[in-house]
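**Q** One file is attached below, start-v8.cif, containing mmCIF, C-alpha atoms.
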data_final
loop_
_atom_site.label_atom_id
_atom_site.label_comp_id
_atom_site.auth_asym_id
_atom_site.auth_seq_id
_atom_site.Cartn_x
_atom_site.Cartn_y
_atom_site.Cartn_z
CA THR D 10 -5.63 18.80 3.13
CA TYR D 11 -6.30 18.30 -0.57
CA ILE D 12 -9.85 17.16 0.24
CA ARG D 13 -10.48 20.23 2.39
CA LEU D 14 -9.22 22.42 -0.46
CA GLY D 15 -11.52 20.63 -2.90
CA GLN D 16 -8.54 19.32 -4.89
CA LEU D 17 -9.99 15.85 -5.31
CA ASP D 18 -7.79 14.67 -8.18
CA GLU D 19 -4.69 15.43 -6.13
CA ALA D 20 -6.18 13.71 -3.06
CA ARG D 21 -7.02 10.65 -5.14
CA HIS D 22 -3.49 10.50 -6.55
CA GLU D 23 -1.98 10.58 -3.04
CA LEU D 24 -4.33 7.81 -1.90
CA GLU D 25 -3.41 5.66 -4.90
CA ILE D 26 0.25 5.98 -3.87
CA MET D 27 -0.63 5.04 -0.29
CA ILE D 28 -2.67 2.00 -1.39
CA LYS D 29 0.15 0.81 -3.62
CA ALA D 30 2.66 1.20 -0.76
CA GLU D 31 0.43 -0.51 1.83
CA PRO D 32 -2.13 -2.67 -0.01
CA THR D 33 -3.65 -4.07 3.20
CA HIS D 34 -4.13 -0.72 4.98
CA THR D 35 -7.93 -0.45 4.90
CA ASP D 36 -8.20 3.20 6.01
CA SER D 37 -6.59 4.34 2.74
CA TYR D 38 -9.20 2.44 0.72
CA LEU D 39 -12.03 3.91 2.80
CA MET D 40 -10.77 7.45 2.29
CA PHE D 41 -10.36 6.67 -1.41
CA CYS D 42 -14.03 5.57 -1.46
CA ASN D 43 -15.10 8.91 -0.02
CA VAL D 44 -13.10 10.83 -2.62
CA CYS D 45 -14.62 8.72 -5.41
CA TYR D 46 -18.08 9.43 -3.97
CA MET D 47 -17.46 13.18 -4.15
CA GLN D 48 -16.28 12.72 -7.74
CA GLU D 49 -19.35 10.58 -8.51
CA ASP D 50 -17.05 7.76 -9.69
CA TYR D 51 -19.22 5.02 -8.23
CA ALA D 52 -17.61 2.14 -10.10
CA ALA D 53 -14.15 2.91 -8.64
CA MET D 54 -15.76 3.47 -5.25
CA ALA D 55 -17.42 0.05 -5.33
CA LYS D 56 -14.18 -1.65 -6.37
CA ALA D 57 -12.25 -0.05 -3.50
CA ALA D 58 -14.97 -0.99 -0.98
CA GLN D 59 -14.92 -4.58 -2.22
CA GLN D 60 -11.15 -4.67 -1.75
CA VAL D 61 -11.60 -3.67 1.88
CA ILE D 62 -14.15 -6.46 2.36
CA GLN D 63 -11.68 -8.96 0.88
CA ILE D 64 -9.06 -7.80 3.40
CA GLU D 65 -11.47 -7.48 6.34
CA GLU D 66 -14.89 -9.03 5.74
CA GLY D 67 -16.28 -7.67 9.00
CA ASN D 68 -15.62 -4.03 8.11
CA ALA D 69 -19.08 -2.44 8.45
CA ALA D 70 -17.95 0.88 6.94
CA ALA D 71 -16.88 -0.87 3.73
CA HIS D 72 -20.32 -2.47 3.33
CA TYR D 73 -21.92 0.93 3.97
CA LEU D 74 -19.75 2.62 1.35
CA LEU D 75 -20.45 -0.18 -1.10
CA ALA D 76 -24.15 0.50 -0.56
CA LYS D 77 -23.60 4.18 -1.33
CA ALA D 78 -21.86 3.17 -4.55
CA ASP D 79 -24.81 0.92 -5.41
CA GLU D 80 -27.20 3.81 -4.83
CA GLY D 81 -25.07 6.05 -7.04
CA GLN D 82 -25.35 3.46 -9.81
CA GLY D 83 -29.11 3.18 -9.36
CA ASN D 84 -29.10 -0.31 -7.87
CA GLN D 85 -31.52 0.03 -4.95
CA LEU D 86 -31.82 -3.70 -4.23
CA MET D 87 -28.08 -4.22 -3.82
CA CYS D 88 -27.92 -0.98 -1.84
CA VAL D 89 -30.39 -2.39 0.69
CA ALA D 90 -28.57 -5.74 0.74
CA HIS D 91 -25.20 -4.17 1.55
CA LEU D 92 -26.73 -1.86 4.15
CA THR D 93 -28.27 -4.92 5.79
CA GLN D 94 -24.82 -6.51 5.95
CA ALA D 95 -23.39 -3.35 7.51
CA ILE D 96 -26.16 -3.31 10.15
CA MET D 97 -25.66 -6.99 10.91
CA LEU D 98 -22.02 -6.20 11.64
CA LYS D 99 -22.83 -3.06 13.63
CA GLU D 100 -26.37 -3.00 15.01
CA ASP D 101 -26.22 0.65 16.13
CA TYR D 102 -24.92 1.89 12.76
CA THR D 103 -27.10 5.01 12.58
CA GLU D 104 -25.97 6.19 9.14
CA ALA D 105 -26.64 2.77 7.61
CA ARG D 106 -30.09 2.50 9.22
CA LEU D 107 -31.07 5.96 8.03
CA MET D 108 -29.88 5.22 4.52
CA ARG D 109 -31.69 1.87 4.47
CA ALA D 110 -34.88 3.52 5.76
CA GLU D 111 -34.75 6.07 2.95
CA ALA D 112 -34.09 3.37 0.35
CA LEU D 113 -36.96 1.24 1.67
CA MET D 114 -39.25 4.28 1.68
CA LYS D 115 -38.45 4.91 -2.00
CA MET D 116 -39.34 1.26 -2.68
CA GLY D 117 -42.67 1.68 -0.88
CA GLN D 118 -41.70 -0.63 1.99
CA PHE D 119 -42.88 1.78 4.66
CA ALA D 120 -43.25 -0.65 7.58
CA GLU D 121 -39.68 -1.90 7.18
CA ALA D 122 -38.39 1.67 6.89
CA GLU D 123 -40.21 2.63 10.10
CA GLU D 124 -38.50 -0.22 11.94
CA ASP D 125 -35.09 1.25 11.09
CA LEU D 126 -36.21 4.73 12.09
CA GLN D 127 -37.58 3.47 15.40
CA ALA D 128 -34.24 1.78 16.11
CA VAL D 129 -32.44 5.08 15.48
CA LEU D 130 -34.90 7.13 17.55
CA THR D 131 -34.68 4.68 20.44
CA GLN D 132 -30.97 5.46 20.64
CA GLU D 133 -31.27 9.15 19.75
CA ALA D 134 -34.75 10.57 20.29
CA ASP D 135 -34.01 13.91 18.62
CA ASN D 136 -32.23 12.63 15.52
CA GLU D 137 -33.40 15.16 12.94
CA SER D 138 -32.88 12.95 9.90
CA ALA D 139 -34.91 10.13 11.44
CA ILE D 140 -37.77 12.45 12.43
CA LEU D 141 -37.83 13.98 8.94
CA LEU D 142 -37.96 10.57 7.27
CA ARG D 143 -40.66 9.37 9.66
CA ALA D 144 -42.73 12.46 8.87
CA ARG D 145 -42.38 11.84 5.15
CA ILE D 146 -43.51 8.24 5.58
CA LEU D 147 -46.51 9.41 7.62
CA GLN D 148 -47.37 11.88 4.87
CA ALA D 149 -46.94 9.25 2.15
CA THR D 150 -49.24 6.84 3.97
CA GLY D 151 -51.98 9.44 4.45
CA ASN D 152 -51.36 10.25 8.12
CA GLU D 153 -51.02 13.96 7.48
CA GLU D 154 -51.89 15.10 11.01
CA GLU D 155 -49.08 13.07 12.58
CA ALA D 156 -46.73 14.12 9.78
CA GLU D 157 -47.46 17.79 10.55
CA LYS D 158 -46.70 17.17 14.24
CA ASP D 159 -43.32 15.66 13.33
CA PHE D 160 -42.44 18.52 10.99
CA LEU D 161 -43.38 21.10 13.65
CA HIS D 162 -41.42 19.20 16.30
CA LEU D 163 -38.42 19.19 13.99
CA ILE D 164 -38.66 22.95 13.44
CA ALA D 165 -38.91 23.45 17.21
CA LEU D 166 -35.77 21.34 17.66
CA ASN D 167 -33.91 23.23 14.96
CA PRO D 168 -35.46 26.42 13.56
CA PHE D 169 -32.79 26.40 10.84
CA ASN D 170 -33.73 22.98 9.43
CA GLU D 171 -34.54 23.98 5.86
CA GLN D 172 -35.81 20.56 4.81
CA ALA D 173 -38.42 20.59 7.57
CA TYR D 174 -39.80 23.95 6.42
CA LEU D 175 -39.92 22.84 2.77
CA ALA D 176 -41.56 19.50 3.56
CA LEU D 177 -44.18 21.07 5.83
CA GLY D 178 -44.81 23.79 3.26
CA THR D 179 -45.39 21.14 0.61
CA LEU D 180 -47.86 19.42 2.93
CA TYR D 181 -49.79 22.65 3.47
CA ILE D 182 -49.87 23.28 -0.29
CA GLN D 183 -51.22 19.78 -0.89
CA GLN D 184 -53.90 20.47 1.73
CA LYS D 185 -54.65 23.79 0.01
CA ALA D 186 -53.89 25.52 3.34
CA LEU D 187 -52.23 28.37 1.47
CA ASP D 188 -52.37 30.96 4.27
CA LYS D 189 -50.61 28.51 6.61
CA ALA D 190 -47.99 27.89 3.92
CA ILE D 191 -47.36 31.63 3.51
CA THR D 192 -47.00 32.09 7.28
CA LEU D 193 -44.59 29.16 7.43
CA PHE D 194 -42.38 30.48 4.63
CA ASP D 195 -42.48 33.97 6.17
CA GLU D 196 -41.07 32.42 9.34
CA ALA D 197 -38.44 30.47 7.40
CA ILE D 198 -37.26 33.59 5.58
CA GLU D 199 -37.21 35.60 8.82
CA MET D 200 -34.95 32.92 10.36
CA ASN D 201 -32.74 32.79 7.27
CA PRO D 202 -33.00 35.70 4.80
CA GLN D 203 -30.67 33.81 2.41
CA PHE D 204 -33.07 30.84 2.10
CA ALA D 205 -33.56 30.97 -1.68
CA THR D 206 -35.85 27.95 -1.95
CA ALA D 207 -38.19 29.38 0.68
CA TYR D 208 -38.62 32.50 -1.49
CA ARG D 209 -39.31 30.29 -4.49
CA GLU D 210 -41.87 28.20 -2.60
CA ARG D 211 -43.56 31.28 -1.14
CA GLY D 212 -43.72 32.65 -4.68
CA ARG D 213 -45.36 29.42 -5.78
CA VAL D 214 -48.01 29.80 -3.08
CA LYS D 215 -48.62 33.43 -4.02
CA LEU D 216 -49.07 32.37 -7.63
CA LEU D 217 -51.71 29.87 -6.49
CA GLN D 218 -53.40 32.76 -4.67
CA ASP D 219 -53.30 34.76 -7.93
CA ASP D 220 -50.87 37.26 -6.38
CA LYS D 221 -48.69 37.47 -9.48
CA GLU D 222 -46.88 40.63 -8.38
CA GLY D 223 -45.90 39.11 -5.05
CA ALA D 224 -44.96 35.84 -6.73
CA THR D 225 -42.72 37.67 -9.21
CA GLU D 226 -40.91 39.49 -6.40
CA ASP D 227 -40.26 36.26 -4.52
CA MET D 228 -39.09 34.43 -7.62
CA LYS D 229 -36.71 37.28 -8.49
CA LYS D 230 -35.29 37.15 -4.97
CA ALA D 231 -34.81 33.38 -5.25
CA LEU D 232 -32.87 33.89 -8.49
CA GLU D 233 -30.72 36.63 -6.96
CA LEU D 234 -29.76 34.40 -4.05
CA HIS D 235 -29.38 31.21 -6.07
CA PRO D 236 -29.18 31.57 -9.88
CA GLN D 237 -29.44 27.78 -10.24
CA GLU D 238 -33.11 28.17 -9.23
CA ALA D 239 -33.85 29.39 -12.78
CA GLU D 240 -35.25 26.09 -14.07
CA ALA D 241 -37.55 25.62 -11.09
CA VAL D 242 -38.71 29.23 -11.24
CA ASN D 243 -39.44 28.94 -14.93
CA GLY D 244 -41.59 25.90 -14.22
CA GLU D 245 -43.74 27.88 -11.83
CA PHE D 246 -44.19 30.80 -14.22
CA HIS D 247 -44.85 28.90 -17.45
CA SER D 248 -48.52 29.87 -17.33
CA MET D 249 -47.99 33.54 -16.58
CA PRO D 250 -48.31 36.30 -19.23
CA ARG D 251 -45.29 36.85 -21.46
CA GLN D 252 -44.35 40.15 -19.75
CA THR D 253 -42.62 38.00 -17.12
CA ASP D 254 -39.87 37.54 -19.73
CA ILE D 255 -38.33 40.65 -18.19
CA LEU D 256 -36.96 38.24 -15.54
CA GLY D 257 -35.11 36.29 -18.21
CA LEU D 258 -37.52 33.38 -17.82
#
Show me the file's structure as structure tokens.

**A**
Amino acid sequence: TYIRLGQLDEARHELEIMIKAEPTHTDSYLMFCNVCYMQEDYAAMAKAAQQVIQIEEGNAAAHYLLAKADEGQGNQLMCVAHLTQAIMLKEDYTEARLMRAEALMKMGQFAEAEEDLQAVLTQEADNESAILLRARILQATGNEEEAEKDFLHLIALNPFNEQAYLALGTLYIQQKALDKAITLFDEAIEMNPQFATAYRERGRVKLLQDDKEGATEDMKKALELHPQEAEAVNGEFHSMPRQTDILGL
């Protein structure tokens, strides 16, 4: 209940009491790990995950959570190592395979990442996270046509998948297919009028088309919906005339 209410300190305190009362009850440690993850206390998270492994070495979830703690501390190599251990213990561990694929992709090990994604998609052909990662790998390796197909397939599967729209829009911008990008972001905004980042990205495209008035309107809308967009918006408008200061940028 504390976790659902966002009262993480209180939840953590209760879990500490539970762990002290039953020091071999692994579920309490695992829940404690999740609370620490939400608090971004990765050191405490790693320690709790390691305690689970000492109690039950074959606990795949503990290895997975230890990998998440590694990632939070910027240790990609150990993250991959612990994910590999989790997958060895549970071959169909979808979350671990997806996380390892993303980590491998960041390290430039695209072939290995694709193997994990293929394993996930063999079990679950329409796994949106796996399709999105595969599309990003295709884009990164220069196979833009196949990447576009994956992004479009993902949007067809789930027209509310914001990441798919943003990734495909970025691809169109890189290809200088600005009209296609505008049409895509129009569609995204029609599906979800509260999609602040889509307004920002459409504004970016309009700025590239020298439509400064249209770009300003979209950027203002992005700020209205999501004030935290201010830094990104300012980055897009740094080259515009100073009268744009009326937006507080």

**Q** Could you pull the residues within 9 Å of Pro168 of chain D, counting all atoms listed in the file, minus those fewer than 4 positions along the same chain, as a ChimeraX atom specification?

**A** /D:163-164,173-174,197,200

**Q** So that I can check the surroundings of Ala134 of chain D, please list as a ChimeraX atom specification every protein, DNA and RNA residue that reaches within 12 Å of it, counting all atoms listed in the file and ignoring chain neighbours fewer than 5 positions away.

**A** /D:126-129,139-140,162-163,166

**Q** So what do you get for atom CA of Lys189 of chain D versus atom CA of Glu157 of chain D, distance-wise?

**A** 11.8 Å

**Q** What's around segment 18-35 of chain D at 10 Å? Count only C-alpha atoms, leave out sequence neighbours fewer than 5 positions away in its own chain, and write the answer as a ChimeraX atom specification.

**A** /D:10-13,40-45,48,57-58,60-65,68,71

**Q** I'd like the interatomic distance between atom CA of Ala105 of chain D and atom CA of Ala78 of chain D, to a tenth of an Å.

**A** 13.1 Å

**Q** To verify the selection step, state as a list of chain:residue names which residues the PyMOL selection byres ((chain D and resi 217) around 12) yields on this input.

**A**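 Against this file, the PyMOL selection byres ((chain D and resi 217) around 12) returns the residues D:Ile182, D:Gln183, D:Lys185, D:Ala186, D:Leu187, D:Asp188, D:Ala190, D:Ile191, D:Glu210, D:Arg211, D:Gly212, D:Arg213, D:Val214, D:Lys215, D:Leu216, D:Gln218, D:Asp219, D:Asp220, D:Lys221, D:Glu222, D:Gly223, D:Ala224, D:Glu245, D:Phe246, D:Ser248, D:Met249.
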
**Q** Quick one: which residues end up in the PyMOL selection byres ((chain D and resi 208) around 12) for this structure, as a VMD selection string?

**A** chain D and resid 171 174 to 175 178 190 to 191 193 to 199 201 to 207 209 to 215 223 to 235 238 241 to 242

**Q** With all atoms listed in the file as the basis for distance, which of D:Met108, D:Ile96, D:Leu180, D:Leu142 is at the shortest distance from Lys77 of chain D?

**A** D:Met108

**Q** Find the distance between atom CA of Asp50 of chain D and atom CA of Met87 of chain D and write it in Å to one decimal.

**A**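 Taking atom CA of Asp50 of chain D as the start and atom CA of Met87 of chain D as the end point, the length is 17.3 Å.
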
**Q** Using all atoms listed in the file, pick whichever of D:Glu49, D:His72, D:Glu121, D:Tyr38 has the shortest atom-to-atom distance to Met97 of chain D.

**A**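 Once distances to Met97 of chain D are computed over all atoms listed in the file, the minimum belongs to D:His72.
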
**Q** Around segment 78-81 of chain D, with edges along x, y and z and 8 Å added on all six sides, what centre and edge lengths do you get, in Å to one decimal, as AutoDock Vina command-line options?

**A**
--center_x -24.5 --center_y 3.5 --center_z -5.8 --size_x 21.3 --size_y 21.1 --size_z 18.5
